[in-house]
Every structure is written in C-alpha cells, then in structure tokens.
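Trainee: Provided herewith is a single structure, encoded as structure tokens, for subsequent inquiry.
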Amino acid sequence: MALLSSTTAGDYLCIGDSIALYSVETEGYVYSLQSSSVHNGLNIYINQEREKPTKIPNSQAVVFEICIQNRYKLTKKLRKLMAAQNAEMTSSTMDLTACVKEQDKILMAQAKHAAEAENADNAAEQKRQMNKRVRYGEIVQLKHVFTNKYVHMCTSQTSQQDKNNMMVMLNEFNAKNAQFRILPQYKVKSEGEVVQIYDQIVFESIKSPGHFFHASSPFQIDHCTFGSEVNLGVERSGFTLVRYHKGISEHDQYVRGGSVVRLFHKELEAYMVAEGLFDDEVTEDVHFRIRVMDQHKPRTLSPPTSGNTFWQIEAENSILNGDVLRWEQQVRLRHMTTRKYLCIDGTTEISLTDDNEDPRTVFRLYSVLSERDEINFESYCRIEHVLSGFWLHALKDEDYIRKKFRDMDASTDQSLKGLMWDSAQVRKVAASGESQYDDAFTIQRVEKCQVDEFNYVAGMVPFLLNLVKDAMTDLRKFMVIKDVPCKNRQKLMRNLRVIDLLVKILQCPLDGAVDEMNLIQVFKEAYEILYTYMIGKSRKNALYFAKYIEFFQTQFTQKGGIGLNVAQMIVELIRDKRKIVDRITHDQIDEFIGLLQKTQNYRFLDLLHVLCVCDDIAIPNNQSYIVKRWMQVEQGKGIFLTARGQDINRQPNILYITTDHGRSWTALHEFVNSECECYDKDKHDFLIHQLNLYKALCYGRNDYSINMITKELRYLTWEEAFLSLRSDILPEAIRAKYCDLTTSLFVDVGNNYSVLDHPNICFVYEYVGSKDEEKSQGDFVVKELVAIFPVLRDWIAEFLLDNKFMIASEVGHNMLIEQVVRLLYHLVKFGYYLDSEDVENLLPPLLQLLDGRKDYPYPKDKDKGYSKEAQKEVYKYQVLQRYEQNPETEAIVNAKFQVLEVLDLLLTYQRNSRLQSFVNKFKVSETCCKEHKTEVLLPMLFDDFDPHSQSKRAMKTQRKINKELRNMFNESAIFELELLTKILIDLSNYKYNKMITKSLNILNKLYSSKTNMFKLSSKAQILLTQDSARVHREVLKSMPILRRLARAKLDEQQVKLMGDILDDLAEFCHLPMTPDEPHPMNQNILISNGLLNILFDILTQDIDSKLLTQYGGMQDIFKKTLHLLKLLSRENERVQLHLFERIDILLDVRIVESDLAISLKEVFMGNPNTCLKISPRQIQKIVFRAAEMQDRAPEFLDLLGMVVKVTGTDLTLKRNQAYVMKYIMQNYKKVAYVLDLPLEEKEQILTNARRLSSLRYYLSLLELLSLCAEGENMFIESLCQTILPMDDLLWVLNNPNVDNVYKKPFLACLHHVYLKNGSSGVETSAGEMPHHE
C-alpha cells in the first residue's frame, strides 16, 4: 500500500494523530507562538482559508497531538513539594545546604522517582494506544507541538477578552485541567460514534463540566497581533478537525511536510544557511557555510546545532499537509530563523521572501540514488527551481562577504566592531541552468530535541518584542541545565538574535521614564540573561557580543545599581577571550580603575582580573600597566592594606587590615568573622577578590608586578603572607588564599625552574657515576628560596603530620590542605626535595592524606567521640557517600588531586634516578670490557648475547643479570606497591573525571615504570666529545626559559630573550660556517631535550593577525621557530615524521605563511614515505592556504610540487597529482587567477621588476602544473590544456622582452602538457613507446 494517502472527509481520528483546529466562527486556526510560562494563552487567526491558510509562521504553531488521558497525581505531588521548598529557601537567609534537611532530601528524591515512573507509564500507554480510533464522549488531551505543552483550562485566571470566561493556557505538566471530552457540535452525531476528519466538534472541560472551548471576538492581542482568543465558558464554539498527519511511527524515517532539515552540500562540505530574525531584517543572505569534518576537532564530526542551518520543508499544496513527501513533489523551503521562503527571482538571484503563495518559491527535490518514491532522511538530492528550471549551485571559489564587512577592510580593522565572531569559510550560492554532478545535497534530519530547543527560544521572541518582563526569568533558566550552562541553547540566543533584542531594550533611555523603577528591574533582568549567555567558554558567543562593549561601557554609571550588573556581565564576556582582551585599550583600563575606586565593588576587581590572565596565559602588558597606574600613580587608592601588629604598634603576630588607607585598623580575624559586629560582607568579598587580583597581576612570573607588590610598595610582604598562613585564628579559607599567594608571589618566581618537567636522557660520559654527575644533569638552577625554604619545609612537615585524614564538612580546611600540597608540589618540582631522605619523609603523610578510606563526614565529639548512630553514618559515608558529587566532596577531591600531582613528580624522580643508575652500570660494564675485567652485565654489550637462549650457561648468566637489575630497581624504589595500588583503585571510584583519569594514569605509570625506564634508555644519548657536552649544557640552560615563555604573551624584553635563544639553538643544528649541512648529533641532543614539543607550543599560540602592532615581536619569534624546525628536520627522518604527524596543526599557523611553507618543504624533501602518507584533506588544506595567500606566499605552490613529485627522483605520484588538480580547479579563481589576466598584464608581470611577488607566484604555479601533467595522465593534461592554451605558452617563449630564465616553467608546461602527453597524438607518437624499454 502506498505510504502517501491524501486526507479526505471520512478518515477517522486516531490517538497519536497530529491535527489543526479551524474555528468556524473566526475562520482561522488555533495557534500559539509563545513559549513563556507567563504569556501562554491560545489564540486564533482570523480570515484564513481552511485548505490553504496564509500568515502561519510555522506549521507546528497550529498543530496539536491527540493524547490519551494521562495520570498526573504523583507529578502534582512533586510540584507541590518543589514549590514548598522554593518558598522556604526564598524566605530564609540561610544557604542551600542548611535549608534542605536530610529528611526533605529523601522525600524529594522519592517524589522525583515516582513522578518519573508515572511519566514513563503514560508514555508507554500512549504508545500502546497509538492509532486507536477516537470516539465522541472520550477524554483526550491536546499537546501543542510547537511548545511541547498541554492545553489547560485555568480556574484562577479569567480570559483576557471575555471576563466571565476562564482562561485556556499551555502548561508542560499533566493535570485534570488538561483533560477534555470531545463532543460533536451538531446532533447528527452522538457519543460513542467514531470521530472523523473535518467533523465540527466542541471540547468540554473535565475539571469544570458544562464549560466549553469558546472563541472570543477579535481584538488587539499585543502590539503585533490582531486575532481572537480561546477561552472556556458556557457558550460553545465549534472547531473543524483538520488532520496534519497520521501518527504512524514507521513514517518517522521519511521526510514529511513540516520536517526540519539541514541541507548539506556534499562536495563543498558546507551547509546552506542564512541569518536574521523573523519580523526583522535579514542580516545575512543565503550562503554556504563550510564545516569540514576534522578528526582533531570532535565537534565537527557531528552536525551543527546552529539554528541558522535549519530549514523547514513545506508541501506546495498546503502548509498543513504533513504527510510523507515524495521525490519530484513540489515543495517550499522555509528558513527557520527568518521564517522566509527560499526564492529564485527573474535575474536568477537567490533570496528570501515572506510570500508563501509566490510561485518563485516552489522547488523540486530529485533523488541522486533513487531507490523508492518516498524521501528518506540522509538521502542525496539535487534541488530544481520549478518556475525557471534552474538548479541550486555552490560557487566553490567565490567567497561570500558578510554585509557587516562589505564597507570596511575586515583584514585590518582593529576595533571591537571589526571582530569576526565566526571564522568559518563561506561561499556564495547561485542558480545554475544545468544540473551539476557535484551539486548533491544531503537532507539531514534535525533531531527533535534540537527543534524543541529552537522553538523554545523562538517562542520567547514575541514576548521580548512586546517587552514583558516576567518571561525573562524563564529564558535565563532555559540556558542552564543542572547548574551548567548549555552551549547549544546559548547558541540559539544568537541565531534568533535574542541578544540583539535585549540590547535594543537596554538602549532605551532610563532617565525621565514614566515607570522608572519597573524599567530598572527589567534592565537588571536583561543583564542577568546576558550574563547567563556569556557563562562558559564559547568563543563565538563572546565575539558576536563584543561589538556592544563600547555601549555597555557607558552604562556603568546607570542608576539603581545597574552598573554592577553590567560589570558582572562584561567580566564573563572578556573572561578567557583573547581577541577581546587584546583590544581593550589603556584608556578603558583607566576607566575600570576609576570605577573601582569610586564604587569599591569587587566586580571591578574581577574586571581587572580577567584582563591580566586569559585562558591561563598571562597578559604582561596589562598586568604591568594596572600595577603602575593603580598602585603607583594612583598610590593604591581603594586598596585594602594589611600589616603585622608589630609594624603598626599593635599586638604582635596579629595581621591587621585597613579599608581607609591607614586611618583605622581592624584585626583581620575579626574583619572576616561573620559573627563580629564590625563584619561587612561587601568588604569581605572585596578583600577575597583583591587577593585573587594580586595573584593575577603576578601570574606568569611578572617580575615587575611581583617586585612592586612584595618589595617596593609592600602591599603584601613575605612576613604578612607567612603569618596569615600559620595563623590558627584566621578562617581556613582565608589561610588557603594566602597559601596560594605564597606559592604565586614567593615560590613560583625568578630563577626557580622545574627539574622534573622533562626526562634528561643526555649523559656526559666523563661525569657518569662520578661526584660531578650533577653537572651533566644540568643542575644549574639557582635556588632562590635558600632563606625561606627551611622555614617552609618545617611548617609543611608539621602541617602534614597534623592532617592524616580529611573531614568532609570542613570545606575551608580541605581548601587549605589543597593549597599547602600545591605549595609542596612547586617546591618538589623546583628541586628542593630531591634528597632521598626528604622524599622518604614526605611519602607517609601524603599517602595518609590520599587514602580516602579513612575520611570522615564530620568531626567527632571531643569528649564522647562518635555515638552508635554517628558510627553508622560514618560507615555509610566511608563505604558509599564519599564518592558522590557535592560541594563537600569536591573540596576533598581537589586536595587529593593535588597530592596525586606530587606523587606524579615523585614517580618521575624515581624514573630519573633509575635511568641514571642504569647508565652508570653501562659505563662500568664498558670500562670493564676495555680493561678485560669481568662484570655481571658485561655480556649484554656484545651482539652475540641472546636473552632467549635456553642453554644452562646462558640461563645462569640471565639469572645473574636479572638479579642485578632487580636489585637496582629495589634500591631506587620509593613506593610501597601494594598500599599505593589499593589507594589508587579506591580513588578511581570517585565520580569526578579528573580524579578517575589521574589515579588510573598514576597506576599505569607505577606498574609500567620499569618498562618506561628501558624505553627511555633506548633513546639515551651518551656524549663523548667536549663540543657535545658544551652544547648539552647550553641547551639545558635554555630549556626552562623556553618552556616558561612558550605559551606566554611576550613583552619586548621576553621577545628579545626568546629570539636570542632560538638563534643560538639554530646555530647548533648545522656544521660551523656551513648552514646547509646538518649536524646530526646536535640535532639529536636538541630533540632529546624535548625541544620539538616546546616549538609546537610556540606555534600553536593564538595570534590575532589584525593586531600585528601588538604581535610584531611574535611574528619574529614564529619565523625563528619555523627556521629552527627546518634545520632540525633537514635530512632527519625522525623529525620529518614528527612534523608530518602534526601537519594539520602547522597548517593553521598564521602571519608567517611563507616561512611555514618553506619549513614544511623539508618534511617532504626527498622523503617518499611522507609524500605517500599525505591525505587528500591535507592536500586540500595546502591548496586553500595557497588560494588565501596568493602571491604573498607562493612557497605553498612549491610545497605542493614536492608532494606531487619526490625530490631527487623521477617518481611522480598520480594520486597526489589528481588531488592537487582537483582542488586547484575547485578554487580556480583564487589559485590560478594569474592565468586569466590579459596578455598585457602578464607581460607586465614577466618584465616589470616591481612585480616580483606576482612573478614568483606565476612561475611557481606553472611549475606545479607541469609537475601535475608529468607522467602522461590524459585527464590532467586535458585540464591543463583548457587553462593553458598553447598560444599563450608560445607567446611567452617567443617574447624577447621576457628573460630566458623565466621561460623554463613555460617550456616545461609545453613539454608535459602538449608534447609528451598521454594521447595517441600523431605529432609525437608518445603513446606508441613501450614502457619496458
């Protein structure tokens, strides 16, 4: 039986059917376009045709699903409990954990479980009764498809128009109010008869019998809408049942009328999109947005969630035809965010229009692989315009220019308005007179959850347009799922331009407004929504919004405390968004400092904080400027100062604080005590955020800031920090904060560099096993903490002895433990604990802290200990509850994670000491061999040693060797294997990802430590000559500085320092005075010290190409880094392979494209392995870079030439030739633009010395084309003959004005394209030559 059957009178209504209700009185359909929980009424259009209605913005708005009578009592009970809990929290000033008692939590959990079970039963029953015929007199529920809510009657609210009637509204829960009896309007039908399509029916409320759906008289519903309202009264109104589609689940695999899809151009790998908002302007016309699937970016492997890619397919005969669509059926394509139809006008321009009766909006879908008549999701199609016969076509080599940037130079504009929030490549869409083979579209299904989320935000837009406050709270809550912001939902705020609508609201003048107080509340709620939109790390959300920063800077001084909401929002906008931070000027920073001094509100401290550290990268220029401007020039106006009692003639060894620049002092422990009379929460918050700002100002070892804060201006001295750290009278959360500052301002500073970051596998032979061995290991670190380390070490040891377990309820204390262990981590990393005795003393208390099996939920009574009931709770906690996620567990997990970090360092220490011992044994054996002495490991030096031999003599030798090695491992072991294994396995049960991964990682390292040591020893370099030893020492001195600066934003001094280091390292890579001859030994020394990873860290920095005034120094660093990479990879296959494996990352490097291409040439230079391994995607990426840069980086064409033909051989790779030609032709107008120039211009290029860059590009392109044509590939030759006419080549070759040197590539093209070609040409007889001769 055919799947498609047109709906006719006489068809029966069934459970699960989707229907529309046509009001006989108003001649219009019942609808709702609002998803707000406040403005949720049902309205009716007027003066519509029943068969082909107009003015319906989305078919889902008028469609309802027929549902069974659902159970609701358990859900109602849950709603009551939640309402009571919310009321209790609102009325109480206590925090969340104090409000909700344990018993209430249990009741809530039980109620949630019961409600979920009830909903599951309802869904199962709905599925069971699917397609059951509905009879008059039966009770049904109507579920609105657009909002996913049920139609309810309300007993507490009256109708907006008919005050004697009750309101009908939409709510998402089941209730008796949502149940209605379906009855015939006329007596020609009676109860018990089957309901038929096109019957005229009425709905009677079950909650309020005798009351029916009623259509009001038309009125102005809101500013934009005129129509009728559905309410409930004693007067009944009739509605005609119009079926949208049957509820047949088997049809879900097919495209229906009203289905929401994405149109994915398969060849271009791009989605057809547009941008704008319905009832507003179209901000971007229809175009293609390229989204290439990249395995290195997992998000690209799944379809986009952007609403701009959503299209709704409508049957041409009616918007309310929701049946399955067939191939070649006439349809319309409606863009979801603009609610406009795709149209091709008389000039074959692609546009969008509102008119759903315009014949220019009708299209047909033709199947590429036709298997059946119905259209399946994920099938391929070509799209034909019915009226003109033209086909949708992608212009693969023509960029679409966004409207915003058409009148400005987007490449150089450095303002916030010039920021491109979307960096994706975009292409033009056009109409082609012929069906193109490669214009195949995939019809991708948009998942129901994504459609629902889209409809929710779209349903908020009408409310925003009418400026009604109540629904703003709903919108803010919608963006958060389980206290975590949902990026996909935030994106919809951008797609539907809700953000722009809110900004329009905020641009309304506040002064002199009639209802100023209410308007202030509206503004504050709008800022809360914008703040929620900005939470998270969405780069696009922030860059899209950055254009409004200058407006919001004018709003800081708004009345009613609005300025604080603005500051809070801008903090989230700027946080970790490098492109925005780089565009914040010193004038703007001055303004922020002025506002901070004026308001003394911590939000402005946060504003300065996010300008100092961006995505864990220090911004030294901003740090130093803030310190200089605020602390020096302004003399610290607004800063809370601290001092020891003995320094201000107060009680010694007590820390005091002043908020008025020294006029009055308060003991810090009283200042932060919430029970003290002088306590001020705002001032307390200001202090905490000020301490956070101190850390941010010094982050990344900003020597200037550290020196000014700790020594010159003495805002926080070592004595004050250490006093706070030791002070038992201070709250532990404050002590934790000062401990963090101790690490950042006094430990992680100066010349303290990690000695454990990278395994040192280079050993100077002369020093191995001697007292001077430390010299070969590069123990050059100047220990700057000689004065304070003994004090710190003793205090840390005492602290760890006093804390052998953790107590969950003591969150502040656990935060202190975390920071103390973090301080210890830095001291271990910097080499202050590398004596074996120090390590042995550290391990027992650390393992006790790490062992969660001895943790407690709360402290025991000092006199009585734990009661029997408490012991049961402790047991339950230790067995189950300690693993669960909650704020208390999180503090414990953070502390234990920091302990794991220390253990990780100690494992590295153990491995290094074992490797050192093993190399020493090698030297001893080698010395014994020279002196003809015997030694246990000596047989292993010879090639004839067989570790698998089963002879008695060999096995005896093997046992001795095993014993020797086992003793070596046992002597250097620092962990008790069994105990640590149990602890780590226990830690893997915590429901925190970072804890699971870290504990299992350390467990893996623990059990593979011997194998790892042997693998590392196989890469070890034994340095015999003085030159190699000198190079090794120089490299070791440079590595810590390079590692620290690799990911930092550098100031001028750091740029010079790093540039000098890179120059020195580059000198080591080649033989003296011969730059073209590599130095293999020095290359290996550099590689063994981990230089390659550091160089990649430098190149992966996010550099804004528009801000070269800021990043000019980084441009030089990038060039030197790429030059060093080139020298390292020269004739070194190991490095070439390493670079090849990361070629996708390298191809994304900007601002130094020529140097990049030159460096990458070394990867393929004479290396057939890398040439054969390169993927089509990577070739395409290189062609794209060549198309983008053109004559600014012709070296990319040379790079492609090396991929096509292996240098130094006659080996041409046909696969690579084909792909290079394919992608060149796809981007022909950009890559080969020079070939389309008139002859006069070509002659100018070939003869004018001023056009050297264009000449270089022209010659490189011809050379590449000749290489692609080499090898007698007829298809490529025919392409080249098309784009390179013989006349043009001969014209150049015969032109006396062109230098003969430049004619070589033209001659090569003539030879390979026309003379030595693959066709059976009469002229050359090339095709007759046997290949074996």
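Lettering and numbering for the structure tokens are positional, with chains as A, B, ... in the shown order, residues counted from 1 in each chain, and ligands counted from 1 in the shown order.
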Any idea what's packed within 10 Å of Asn962 (chain A), counting only C-alpha atoms, ignoring anything in its chain fewer than 5 positions away? Could you give it as a list in words?

Mentor: Val936, Leu937, Lys956, Thr957, Asn967 and Met968 of chain A

Trainee: Near Thr717 (chain A), counting only C-alpha atoms, which residues have an atom at most 10 Å away, once you skip same-chain residues fewer than 3 positions from it, shown as an NGL selection string?

Mentor: :A and (642-644 or 709-714 or 720-723 or 742 or 745-746)

Trainee: Suppose you want the space between CA of Leu492 (chain A) and CA of Val457 (chain A); what is it in Å?

Mentor: 6.7 Å

Trainee: Run DSSP on the backbone and give me the residues of region 86-187 of chain A it puts in strand (DSSP E or B), as an MDAnalysis selection string.

Mentor: chainID A and resid 133 135 139:144 149:158 166:171 180:184

Trainee: Do a neighbour search on Tyr244 (chain A) at 7 Å with only C-alpha atoms, toss out local chain neighbours closer than 6 positions, and write the hits as a list in words.

Mentor: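 Surrounding residues, per the criterion: Ser18, Ile19, Ala20, Leu320, Asn321 and Gly322 of chain A.
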
Trainee: Can you pull out every residue within 9 Å of region 104-119 of chain A, counting only C-alpha atoms, but drop anything in the same chain fewer than 6 positions away, and send it as a ChimeraX atom specification?

Mentor: /A:70-78,81-82,85

Trainee: Residues within 12 Å of Lys1005 (chain A), please, as a PyMOL selection string. Count only C-alpha atoms; anything in the same chain fewer than 3 positions from it doesn't count.

Mentor: chain A and resi 903-908+910-911+977+981+984+998-1002+1008-1013

Trainee: Keeping N, CA, C and O atoms for every residue in the selection just given, could you write it to a file as a short mmCIF file (atom, residue, chain, number, x, y, z; two decimals), in the first residue's frame?

Mentor:
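That gives us part-v9.cif:
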data_model
loop_
_atom_site.label_atom_id
_atom_site.label_comp_id
_atom_site.auth_asym_id
_atom_site.auth_seq_id
_atom_site.Cartn_x
_atom_site.Cartn_y
_atom_site.Cartn_z
N LEU A 903 52.67 13.04 43.76
CA LEU A 903 53.09 11.65 43.53
C LEU A 903 53.61 11.47 42.11
O LEU A 903 54.56 10.72 41.87
N ASP A 904 52.96 12.13 41.17
CA ASP A 904 53.39 12.05 39.78
C ASP A 904 54.83 12.55 39.63
O ASP A 904 55.65 11.95 38.92
N LEU A 905 55.13 13.66 40.32
CA LEU A 905 56.50 14.17 40.29
C LEU A 905 57.48 13.18 40.92
O LEU A 905 58.59 12.98 40.42
N LEU A 906 57.06 12.57 42.01
CA LEU A 906 57.95 11.61 42.68
C LEU A 906 58.19 10.38 41.83
O LEU A 906 59.27 9.79 41.86
N LEU A 907 57.18 9.98 41.05
CA LEU A 907 57.39 8.86 40.11
C LEU A 907 58.42 9.24 39.05
O LEU A 907 59.24 8.42 38.64
N THR A 908 58.35 10.50 38.58
CA THR A 908 59.33 10.99 37.62
C THR A 908 60.72 11.00 38.23
O THR A 908 61.71 10.62 37.60
N GLN A 910 61.75 9.04 40.62
CA GLN A 910 62.17 7.63 40.72
C GLN A 910 62.70 7.13 39.37
O GLN A 910 63.73 6.46 39.31
N ARG A 911 61.98 7.46 38.30
CA ARG A 911 62.41 7.01 36.98
C ARG A 911 63.75 7.61 36.59
O ARG A 911 64.62 6.93 36.04
N LEU A 977 54.24 -0.74 46.91
CA LEU A 977 53.39 -1.01 45.76
C LEU A 977 51.97 -1.41 46.15
O LEU A 977 50.98 -0.87 45.62
N THR A 981 48.60 0.85 45.43
CA THR A 981 47.64 0.29 44.48
C THR A 981 46.22 0.34 45.04
O THR A 981 45.27 0.75 44.37
N LEU A 984 44.96 3.96 45.07
CA LEU A 984 44.64 4.48 43.74
C LEU A 984 43.37 3.86 43.17
O LEU A 984 42.56 4.54 42.54
N LYS A 998 43.37 10.74 36.58
CA LYS A 998 44.68 10.93 37.21
C LYS A 998 45.11 9.71 38.00
O LYS A 998 46.27 9.26 37.92
N SER A 999 44.19 9.13 38.77
CA SER A 999 44.55 7.97 39.59
C SER A 999 44.92 6.78 38.71
O SER A 999 45.90 6.08 38.97
N LEU A 1000 44.15 6.56 37.63
CA LEU A 1000 44.46 5.44 36.74
C LEU A 1000 45.75 5.70 35.96
O LEU A 1000 46.51 4.76 35.67
N ASN A 1001 46.00 6.95 35.65
CA ASN A 1001 47.24 7.30 34.95
C ASN A 1001 48.46 7.00 35.82
O ASN A 1001 49.46 6.44 35.35
N ILE A 1002 48.36 7.36 37.10
CA ILE A 1002 49.48 7.10 38.01
C ILE A 1002 49.62 5.60 38.26
O ILE A 1002 50.74 5.06 38.34
N SER A 1008 54.12 0.31 35.05
CA SER A 1008 54.93 0.25 33.82
C SER A 1008 56.21 1.04 33.98
O SER A 1008 56.87 1.38 32.99
N SER A 1009 56.60 1.35 35.22
CA SER A 1009 57.76 2.21 35.45
C SER A 1009 59.05 1.56 34.94
O SER A 1009 59.91 2.24 34.39
N LYS A 1010 59.17 0.24 35.09
CA LYS A 1010 60.39 -0.43 34.63
C LYS A 1010 60.46 -0.43 33.11
O LYS A 1010 61.50 -0.12 32.51
N THR A 1011 59.33 -0.75 32.49
CA THR A 1011 59.29 -0.74 31.02
C THR A 1011 59.59 0.65 30.48
O THR A 1011 60.34 0.81 29.51
N ASN A 1012 58.98 1.67 31.11
CA ASN A 1012 59.20 3.04 30.66
C ASN A 1012 60.67 3.44 30.77
O ASN A 1012 61.21 4.14 29.90
N MET A 1013 61.31 2.98 31.84
CA MET A 1013 62.72 3.31 32.02
C MET A 1013 63.57 2.70 30.90
O MET A 1013 64.45 3.36 30.34
#

Trainee: Tell me which of A:Lys1019, A:Arg382, A:His1070, A:Lys297 sits closest to Cys762 (chain A), counting only C-alpha atoms.

Mentor: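 So, comparing all the options, the nearest one is A:Lys1019.
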
Trainee: List every residue of region 673-773 of chain A that DSSP, applied to the backbone of this structure, places in helix (DSSP H, G or I), and write the result as a PyMOL selection string.

Mentor: chain A and resi 681-698+703-712+718-726+732-747+765-767+773

Trainee: Report, in Å to a single decimal, how far apart CA of Ile46 (chain A) and CA of Val24 (chain A) are.

Mentor: 9.9 Å

Trainee: What lies within 6 Å of region 201-218 of chain A using only C-alpha atoms, ignoring chain neighbours under 2 positions off, as a PyMOL selection string?

Mentor: chain A and resi 176-177+179-185+227-234+236-239

Trainee: What is the distance, in Å and to one decimal place, between CA of Ala870 (chain A) and CA of Ile817 (chain A)?

Mentor: 25.0 Å

Trainee: Give the answer as one residue: which of A:Glu884, A:Tyr765, A:Val1313, A:Glu398 has the shortest atom-to-atom distance to Lys1230 (chain A), using only C-alpha atoms?

Mentor: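 Answer, going by the shortest atom-to-atom distance: A:Glu398.
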
Trainee: Using only C-alpha atoms, tabulate the residues of region 300-392 of chain A lying at most 7 Å from any atom of region 423-435 of chain A, each with its closest atom pair and that distance in Å to one decimal, by chain and increasing residue number, as a Markdown table.

Mentor:
| residue | atom | partner | partner_atom | distance |
| --- | --- | --- | --- | --- |
| A:Thr348 | CA | A:Ala431 | CA | 5.9 |
| A:Glu349 | CA | A:Ala430 | CA | 6.8 |
| A:Ile350 | CA | A:Ala430 | CA | 6.3 |
| A:Phe390 | CA | A:Gly433 | CA | 4.7 |
| A:Trp391 | CA | A:Ser432 | CA | 5.1 |
| A:Leu392 | CA | A:Ala431 | CA | 4.9 |
